[in-house]
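K.L.:
Got data.pdb for you, PDB, C-alpha atoms, pLDDT in the B column:
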```pdb
ATOM      1  CA  GLN A   1     132.010 125.294  34.084  1.00 88.00           C
ATOM      2  CA  VAL A   2     130.662 122.391  32.074  1.00 94.00           C
ATOM      3  CA  GLN A   3     128.915 119.333  33.432  1.00 97.00           C
ATOM      4  CA  LEU A   4     128.596 116.194  31.357  1.00 98.00           C
ATOM      5  CA  VAL A   5     126.199 113.311  31.789  1.00 98.00           C
ATOM      6  CA  GLU A   6     126.525 110.143  29.757  1.00 98.00           C
ATOM      7  CA  SER A   7     123.805 107.612  29.100  1.00 97.00           C
ATOM      8  CA  GLY A   8     123.051 104.682  26.845  1.00 97.00           C
ATOM      9  CA  GLY A   9     125.353 102.066  28.280  1.00 97.00           C
ATOM     10  CA  GLY A  10     124.261  98.581  29.157  1.00 97.00           C
ATOM     11  CA  LEU A  11     124.680  94.895  28.439  1.00 98.00           C
ATOM     12  CA  VAL A  12     124.674  93.969  24.767  1.00 98.00           C
ATOM     13  CA  GLN A  13     125.568  90.912  22.757  1.00 98.00           C
ATOM     14  CA  ALA A  14     128.567  90.686  20.521  1.00 98.00           C
ATOM     15  CA  GLY A  15     127.783  91.871  17.027  1.00 98.00           C
ATOM     16  CA  ALA A  16     125.207  94.394  18.165  1.00 98.00           C
ATOM     17  CA  SER A  17     125.582  98.157  18.198  1.00 98.00           C
ATOM     18  CA  ILE A  18     125.183 100.733  20.920  1.00 98.00           C
ATOM     19  CA  ARG A  19     124.504 104.445  20.973  1.00 98.00           C
ATOM     20  CA  LEU A  20     125.883 106.528  23.796  1.00 98.00           C
ATOM     21  CA  SER A  21     124.745 110.044  24.540  1.00 98.00           C
ATOM     22  CA  CYS A  22     126.385 112.844  26.449  1.00 98.00           C
ATOM     23  CA  VAL A  23     124.449 115.910  27.503  1.00 98.00           C
ATOM     24  CA  ALA A  24     126.317 119.023  28.547  1.00 97.00           C
ATOM     25  CA  SER A  25     125.256 121.884  30.739  1.00 96.00           C
ATOM     26  CA  GLY A  26     126.920 125.241  30.886  1.00 91.00           C
ATOM     27  CA  ARG A  27     127.812 127.902  28.420  1.00 90.00           C
ATOM     28  CA  ALA A  28     129.540 127.946  25.080  1.00 91.00           C
ATOM     29  CA  PHE A  29     129.104 124.258  24.335  1.00 92.00           C
ATOM     30  CA  ASP A  30     129.727 124.962  20.663  1.00 91.00           C
ATOM     31  CA  THR A  31     133.249 126.179  21.438  1.00 92.00           C
ATOM     32  CA  TYR A  32     134.406 122.928  23.021  1.00 95.00           C
ATOM     33  CA  VAL A  33     136.094 119.943  21.505  1.00 96.00           C
ATOM     34  CA  MET A  34     134.069 116.925  22.571  1.00 96.00           C
ATOM     35  CA  GLY A  35     135.688 113.587  23.108  1.00 97.00           C
ATOM     36  CA  TRP A  36     134.967 110.020  24.117  1.00 98.00           C
ATOM     37  CA  PHE A  37     137.356 107.807  26.022  1.00 98.00           C
ATOM     38  CA  ARG A  38     136.966 104.376  27.530  1.00 98.00           C
ATOM     39  CA  GLN A  39     138.589 102.391  30.283  1.00 98.00           C
ATOM     40  CA  ALA A  40     138.466  98.630  30.526  1.00 97.00           C
ATOM     41  CA  PRO A  41     139.162  96.816  33.803  1.00 92.00           C
ATOM     42  CA  GLY A  42     142.862  96.807  34.565  1.00 94.00           C
ATOM     43  CA  LYS A  43     143.705  99.017  31.591  1.00 96.00           C
ATOM     44  CA  GLU A  44     144.503 102.652  31.054  1.00 96.00           C
ATOM     45  CA  ARG A  45     141.959 105.072  29.687  1.00 97.00           C
ATOM     46  CA  GLU A  46     141.901 104.908  25.909  1.00 97.00           C
ATOM     47  CA  PHE A  47     140.990 107.502  23.304  1.00 97.00           C
ATOM     48  CA  VAL A  48     137.897 106.603  21.297  1.00 98.00           C
ATOM     49  CA  ALA A  49     136.816 109.664  19.320  1.00 97.00           C
ATOM     50  CA  ALA A  50     136.956 113.450  19.234  1.00 96.00           C
ATOM     51  CA  MET A  51     135.169 116.170  17.347  1.00 93.00           C
ATOM     52  CA  PRO A  52     136.008 119.873  17.396  1.00 89.00           C
ATOM     53  CA  ALA A  53     133.351 122.533  17.397  1.00 79.00           C
ATOM     54  CA  SER A  54     134.193 123.461  13.827  1.00 78.00           C
ATOM     55  CA  PRO A  55     134.725 121.954  11.403  1.00 77.00           C
ATOM     56  CA  PRO A  56     132.937 118.847  12.684  1.00 76.00           C
ATOM     57  CA  ILE A  57     135.615 116.436  11.538  1.00 85.00           C
ATOM     58  CA  THR A  58     135.920 113.403  13.743  1.00 92.00           C
ATOM     59  CA  ASN A  59     139.066 111.574  14.754  1.00 94.00           C
ATOM     60  CA  PHE A  60     138.627 107.970  15.839  1.00 96.00           C
ATOM     61  CA  GLY A  61     140.865 105.717  17.832  1.00 97.00           C
ATOM     62  CA  ASP A  62     142.181 102.624  16.106  1.00 96.00           C
ATOM     63  CA  SER A  63     140.019 100.367  18.246  1.00 95.00           C
ATOM     64  CA  VAL A  64     136.754 101.702  16.763  1.00 97.00           C
ATOM     65  CA  LYS A  65     137.853 103.174  13.458  1.00 97.00           C
ATOM     66  CA  GLY A  66     135.580 102.027  10.654  1.00 97.00           C
ATOM     67  CA  ARG A  67     132.758 100.920  12.930  1.00 98.00           C
ATOM     68  CA  ALA A  68     131.791 104.032  14.861  1.00 98.00           C
ATOM     69  CA  THR A  69     130.069 107.317  14.228  1.00 96.00           C
ATOM     70  CA  PHE A  70     130.250 110.493  16.263  1.00 96.00           C
ATOM     71  CA  SER A  71     127.803 113.337  15.962  1.00 93.00           C
ATOM     72  CA  ARG A  72     127.027 116.490  17.877  1.00 92.00           C
ATOM     73  CA  ASP A  73     123.930 118.605  18.209  1.00 92.00           C
ATOM     74  CA  ASN A  74     124.990 122.016  19.442  1.00 90.00           C
ATOM     75  CA  ALA A  75     121.404 123.187  19.907  1.00 92.00           C
ATOM     76  CA  ARG A  76     120.782 120.311  22.323  1.00 95.00           C
ATOM     77  CA  LYS A  77     124.308 120.427  23.777  1.00 96.00           C
ATOM     78  CA  THR A  78     124.543 116.736  23.104  1.00 96.00           C
ATOM     79  CA  VAL A  79     127.003 114.412  21.454  1.00 96.00           C
ATOM     80  CA  TYR A  80     126.421 110.847  20.365  1.00 97.00           C
ATOM     81  CA  LEU A  81     128.761 107.945  19.882  1.00 98.00           C
ATOM     82  CA  GLN A  82     127.511 104.882  18.079  1.00 98.00           C
ATOM     83  CA  ILE A  83     129.660 101.772  17.849  1.00 98.00           C
ATOM     84  CA  TYR A  84     128.750  98.905  15.558  1.00 98.00           C
ATOM     85  CA  ARG A  85     129.797  95.253  15.522  1.00 98.00           C
ATOM     86  CA  LEU A  86     130.636  95.244  19.189  1.00 98.00           C
ATOM     87  CA  THR A  87     133.001  92.638  20.609  1.00 97.00           C
ATOM     88  CA  PRO A  88     133.806  91.725  24.226  1.00 97.00           C
ATOM     89  CA  GLU A  89     136.952  93.854  23.825  1.00 97.00           C
ATOM     90  CA  ASP A  90     134.668  96.905  23.712  1.00 98.00           C
ATOM     91  CA  THR A  91     133.620  96.259  27.300  1.00 98.00           C
ATOM     92  CA  ALA A  92     134.586  99.339  29.289  1.00 98.00           C
ATOM     93  CA  VAL A  93     133.368 102.422  31.049  1.00 98.00           C
ATOM     94  CA  TYR A  94     132.855 105.094  28.421  1.00 98.00           C
ATOM     95  CA  TYR A  95     133.560 108.695  29.347  1.00 98.00           C
ATOM     96  CA  CYS A  96     132.529 111.892  27.643  1.00 98.00           C
ATOM     97  CA  ALA A  97     134.899 114.859  27.856  1.00 98.00           C
ATOM     98  CA  ALA A  98     134.969 118.521  26.873  1.00 97.00           C
ATOM     99  CA  GLY A  99     137.944 120.779  26.404  1.00 95.00           C
ATOM    100  CA  ARG A 100     139.616 123.535  24.475  1.00 92.00           C
ATOM    101  CA  PRO A 101     143.025 122.125  23.574  1.00 89.00           C
ATOM    102  CA  LEU A 102     145.479 124.512  21.983  1.00 85.00           C
ATOM    103  CA  LEU A 103     146.649 121.907  19.502  1.00 84.00           C
ATOM    104  CA  SER A 104     144.424 119.529  17.590  1.00 84.00           C
ATOM    105  CA  THR A 105     146.691 116.634  18.534  1.00 87.00           C
ATOM    106  CA  GLN A 106     145.895 117.261  22.186  1.00 88.00           C
ATOM    107  CA  SER A 107     142.297 116.295  21.504  1.00 90.00           C
ATOM    108  CA  LEU A 108     143.528 112.727  21.155  1.00 92.00           C
ATOM    109  CA  THR A 109     144.744 112.589  24.747  1.00 93.00           C
ATOM    110  CA  GLU A 110     143.218 113.060  28.172  1.00 94.00           C
ATOM    111  CA  ALA A 111     145.327 116.155  28.682  1.00 93.00           C
ATOM    112  CA  GLY A 112     143.270 117.993  26.081  1.00 94.00           C
ATOM    113  CA  TYR A 113     140.118 117.930  28.203  1.00 96.00           C
ATOM    114  CA  GLU A 114     139.055 119.919  31.237  1.00 96.00           C
ATOM    115  CA  TYR A 115     135.683 118.380  31.966  1.00 97.00           C
ATOM    116  CA  TRP A 116     134.656 114.772  32.312  1.00 98.00           C
ATOM    117  CA  GLY A 117     131.448 112.897  32.829  1.00 98.00           C
ATOM    118  CA  GLN A 118     130.981 110.105  35.347  1.00 97.00           C
ATOM    119  CA  GLY A 119     130.994 107.454  32.668  1.00 98.00           C
ATOM    120  CA  THR A 120     128.578 104.831  31.443  1.00 98.00           C
ATOM    121  CA  GLN A 121     129.285 101.107  31.539  1.00 98.00           C
ATOM    122  CA  VAL A 122     129.156  99.095  28.348  1.00 98.00           C
ATOM    123  CA  THR A 123     129.388  95.335  28.677  1.00 98.00           C
ATOM    124  CA  VAL A 124     129.516  93.131  25.618  1.00 98.00           C
ATOM    125  CA  SER A 125     128.762  89.452  26.082  1.00 97.00           C
ATOM    126  CA  SER A 126     130.137  86.821  23.748  1.00 93.00           C
TER     127      SER A 126
END
```
Would you mind writing the structure in this file as structure tokens?
P.N.:
Amino acid sequence: QVQLVESGGGLVQAGASIRLSCVASGRAFDTYVMGWFRQAPGKEREFVAAMPASPPITNFGDSVKGRATFSRDNARKTVYLQIYRLTPEDTAVYYCAAGRPLLSTQSLTEAGYEYWGQGTQVTVSS
């Protein structure tokens, strides 16, 4: 069993950056693919980024590609998502997820994850 707790959300101005954290509890954190998804009001949940345990190569969704970084600290059981040059379109609830998908492509979809955090709200004002 893995529990995930996100933090770092808030109200920010357009053009700023934000750093979200996700702390995991439970065993074998370093064996899980870690992902970030987001859901804007009235929209479906959207893939943001994913990083396998090894090698730590990150996949990014098109909406943040080129302006986001994703890192993980296995010793602290924590992952971080930083998004730069925020726009109002980045306003959403951001969710952290953990899973062990059989195929790497599954890490790009919700189906690849077993455990989810409660989410943290990010609101970008124009």
K.L.:
If you apply the PyMOL selection byres ((chain A and resi 111-123) around 9) to this file, what residues do you get, as a ChimeraX atom specification?
P.N.:
/A:1-13,18,20,22,33-35,38,88,90-110,124-125
K.L.:
Care to translate the PyMOL selection byres ((chain A and resi 56-60) around 12) into actual residues of this file, as a ChimeraX atom specification?
P.N.:
/A:30-37,46-55,61-74,79-83,104-109
K.L.:
Find the distance between CA of Gln39 in chain A and CA of Ala14 in chain A and write it in Å to one decimal.
P.N.:
18.2 Å
K.L.:
Could you tell me how far CA of Lys77 in chain A sits from CA of Ser25 in chain A, in Å to one decimal place?
P.N.:
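Between CA of Ser25 in chain A and CA of Lys77 in chain A the gap works out to 7.2 Å.
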K.L.:
Report the distance between CA of Thr87 in chain A and CA of Ser21 in chain A in Å, rounded to one decimal place.
P.N.:
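Computing the Euclidean distance for CA of Thr87 in chain A and CA of Ser21 in chain A yields 19.7 Å.
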K.L.:
Missing atoms in range 82-94 of chain A: can you complete it with N, CA, C and O atoms, as a PDB file, in the frame of the given file?
P.N.:
```
ATOM      1  N   GLN A  82     128.100 106.177  18.406  1.00 98.00           N
ATOM      2  CA  GLN A  82     127.511 104.882  18.079  1.00 98.00           C
ATOM      3  C   GLN A  82     128.623 103.950  17.617  1.00 98.00           C
ATOM      4  O   GLN A  82     129.423 104.321  16.757  1.00 98.00           O
ATOM      5  N   ILE A  83     128.658 102.775  18.190  1.00 98.00           N
ATOM      6  CA  ILE A  83     129.660 101.772  17.849  1.00 98.00           C
ATOM      7  C   ILE A  83     128.929 100.538  17.340  1.00 98.00           C
ATOM      8  O   ILE A  83     127.992 100.054  17.979  1.00 98.00           O
ATOM      9  N   TYR A  84     129.366 100.072  16.201  1.00 98.00           N
ATOM     10  CA  TYR A  84     128.750  98.905  15.558  1.00 98.00           C
ATOM     11  C   TYR A  84     129.640  97.684  15.757  1.00 98.00           C
ATOM     12  O   TYR A  84     130.818  97.779  16.099  1.00 98.00           O
ATOM     13  N   ARG A  85     129.056  96.532  15.493  1.00 98.00           N
ATOM     14  CA  ARG A  85     129.797  95.253  15.522  1.00 98.00           C
ATOM     15  C   ARG A  85     130.628  95.142  16.800  1.00 98.00           C
ATOM     16  O   ARG A  85     131.842  94.907  16.775  1.00 98.00           O
ATOM     17  N   LEU A  86     129.954  95.295  17.903  1.00 98.00           N
ATOM     18  CA  LEU A  86     130.636  95.244  19.189  1.00 98.00           C
ATOM     19  C   LEU A  86     131.229  93.863  19.457  1.00 98.00           C
ATOM     20  O   LEU A  86     130.677  92.831  19.033  1.00 98.00           O
ATOM     21  N   THR A  87     132.349  93.864  20.156  1.00 97.00           N
ATOM     22  CA  THR A  87     133.001  92.638  20.609  1.00 97.00           C
ATOM     23  C   THR A  87     133.230  92.755  22.115  1.00 97.00           C
ATOM     24  O   THR A  87     133.157  93.852  22.682  1.00 97.00           O
ATOM     25  N   PRO A  88     133.520  91.641  22.786  1.00 97.00           N
ATOM     26  CA  PRO A  88     133.806  91.725  24.226  1.00 97.00           C
ATOM     27  C   PRO A  88     134.948  92.689  24.548  1.00 97.00           C
ATOM     28  O   PRO A  88     134.998  93.233  25.658  1.00 97.00           O
ATOM     29  N   GLU A  89     135.851  92.923  23.593  1.00 97.00           N
ATOM     30  CA  GLU A  89     136.952  93.854  23.825  1.00 97.00           C
ATOM     31  C   GLU A  89     136.473  95.305  23.932  1.00 97.00           C
ATOM     32  O   GLU A  89     137.230  96.178  24.349  1.00 97.00           O
ATOM     33  N   ASP A  90     135.231  95.558  23.562  1.00 98.00           N
ATOM     34  CA  ASP A  90     134.668  96.905  23.712  1.00 98.00           C
ATOM     35  C   ASP A  90     134.097  97.130  25.111  1.00 98.00           C
ATOM     36  O   ASP A  90     133.645  98.244  25.425  1.00 98.00           O
ATOM     37  N   THR A  91     134.112  96.117  25.935  1.00 98.00           N
ATOM     38  CA  THR A  91     133.620  96.259  27.300  1.00 98.00           C
ATOM     39  C   THR A  91     134.489  97.251  28.069  1.00 98.00           C
ATOM     40  O   THR A  91     135.708  97.094  28.147  1.00 98.00           O
ATOM     41  N   ALA A  92     133.852  98.277  28.598  1.00 98.00           N
ATOM     42  CA  ALA A  92     134.586  99.339  29.289  1.00 98.00           C
ATOM     43  C   ALA A  92     133.599 100.351  29.849  1.00 98.00           C
ATOM     44  O   ALA A  92     132.410 100.324  29.510  1.00 98.00           O
ATOM     45  N   VAL A  93     134.119 101.229  30.667  1.00 98.00           N
ATOM     46  CA  VAL A  93     133.368 102.422  31.049  1.00 98.00           C
ATOM     47  C   VAL A  93     133.706 103.497  30.025  1.00 98.00           C
ATOM     48  O   VAL A  93     134.881 103.771  29.764  1.00 98.00           O
ATOM     49  N   TYR A  94     132.682 104.079  29.449  1.00 98.00           N
ATOM     50  CA  TYR A  94     132.855 105.094  28.421  1.00 98.00           C
ATOM     51  C   TYR A  94     132.628 106.473  29.024  1.00 98.00           C
ATOM     52  O   TYR A  94     131.596 106.717  29.651  1.00 98.00           O
TER      53      TYR A  94
END
```
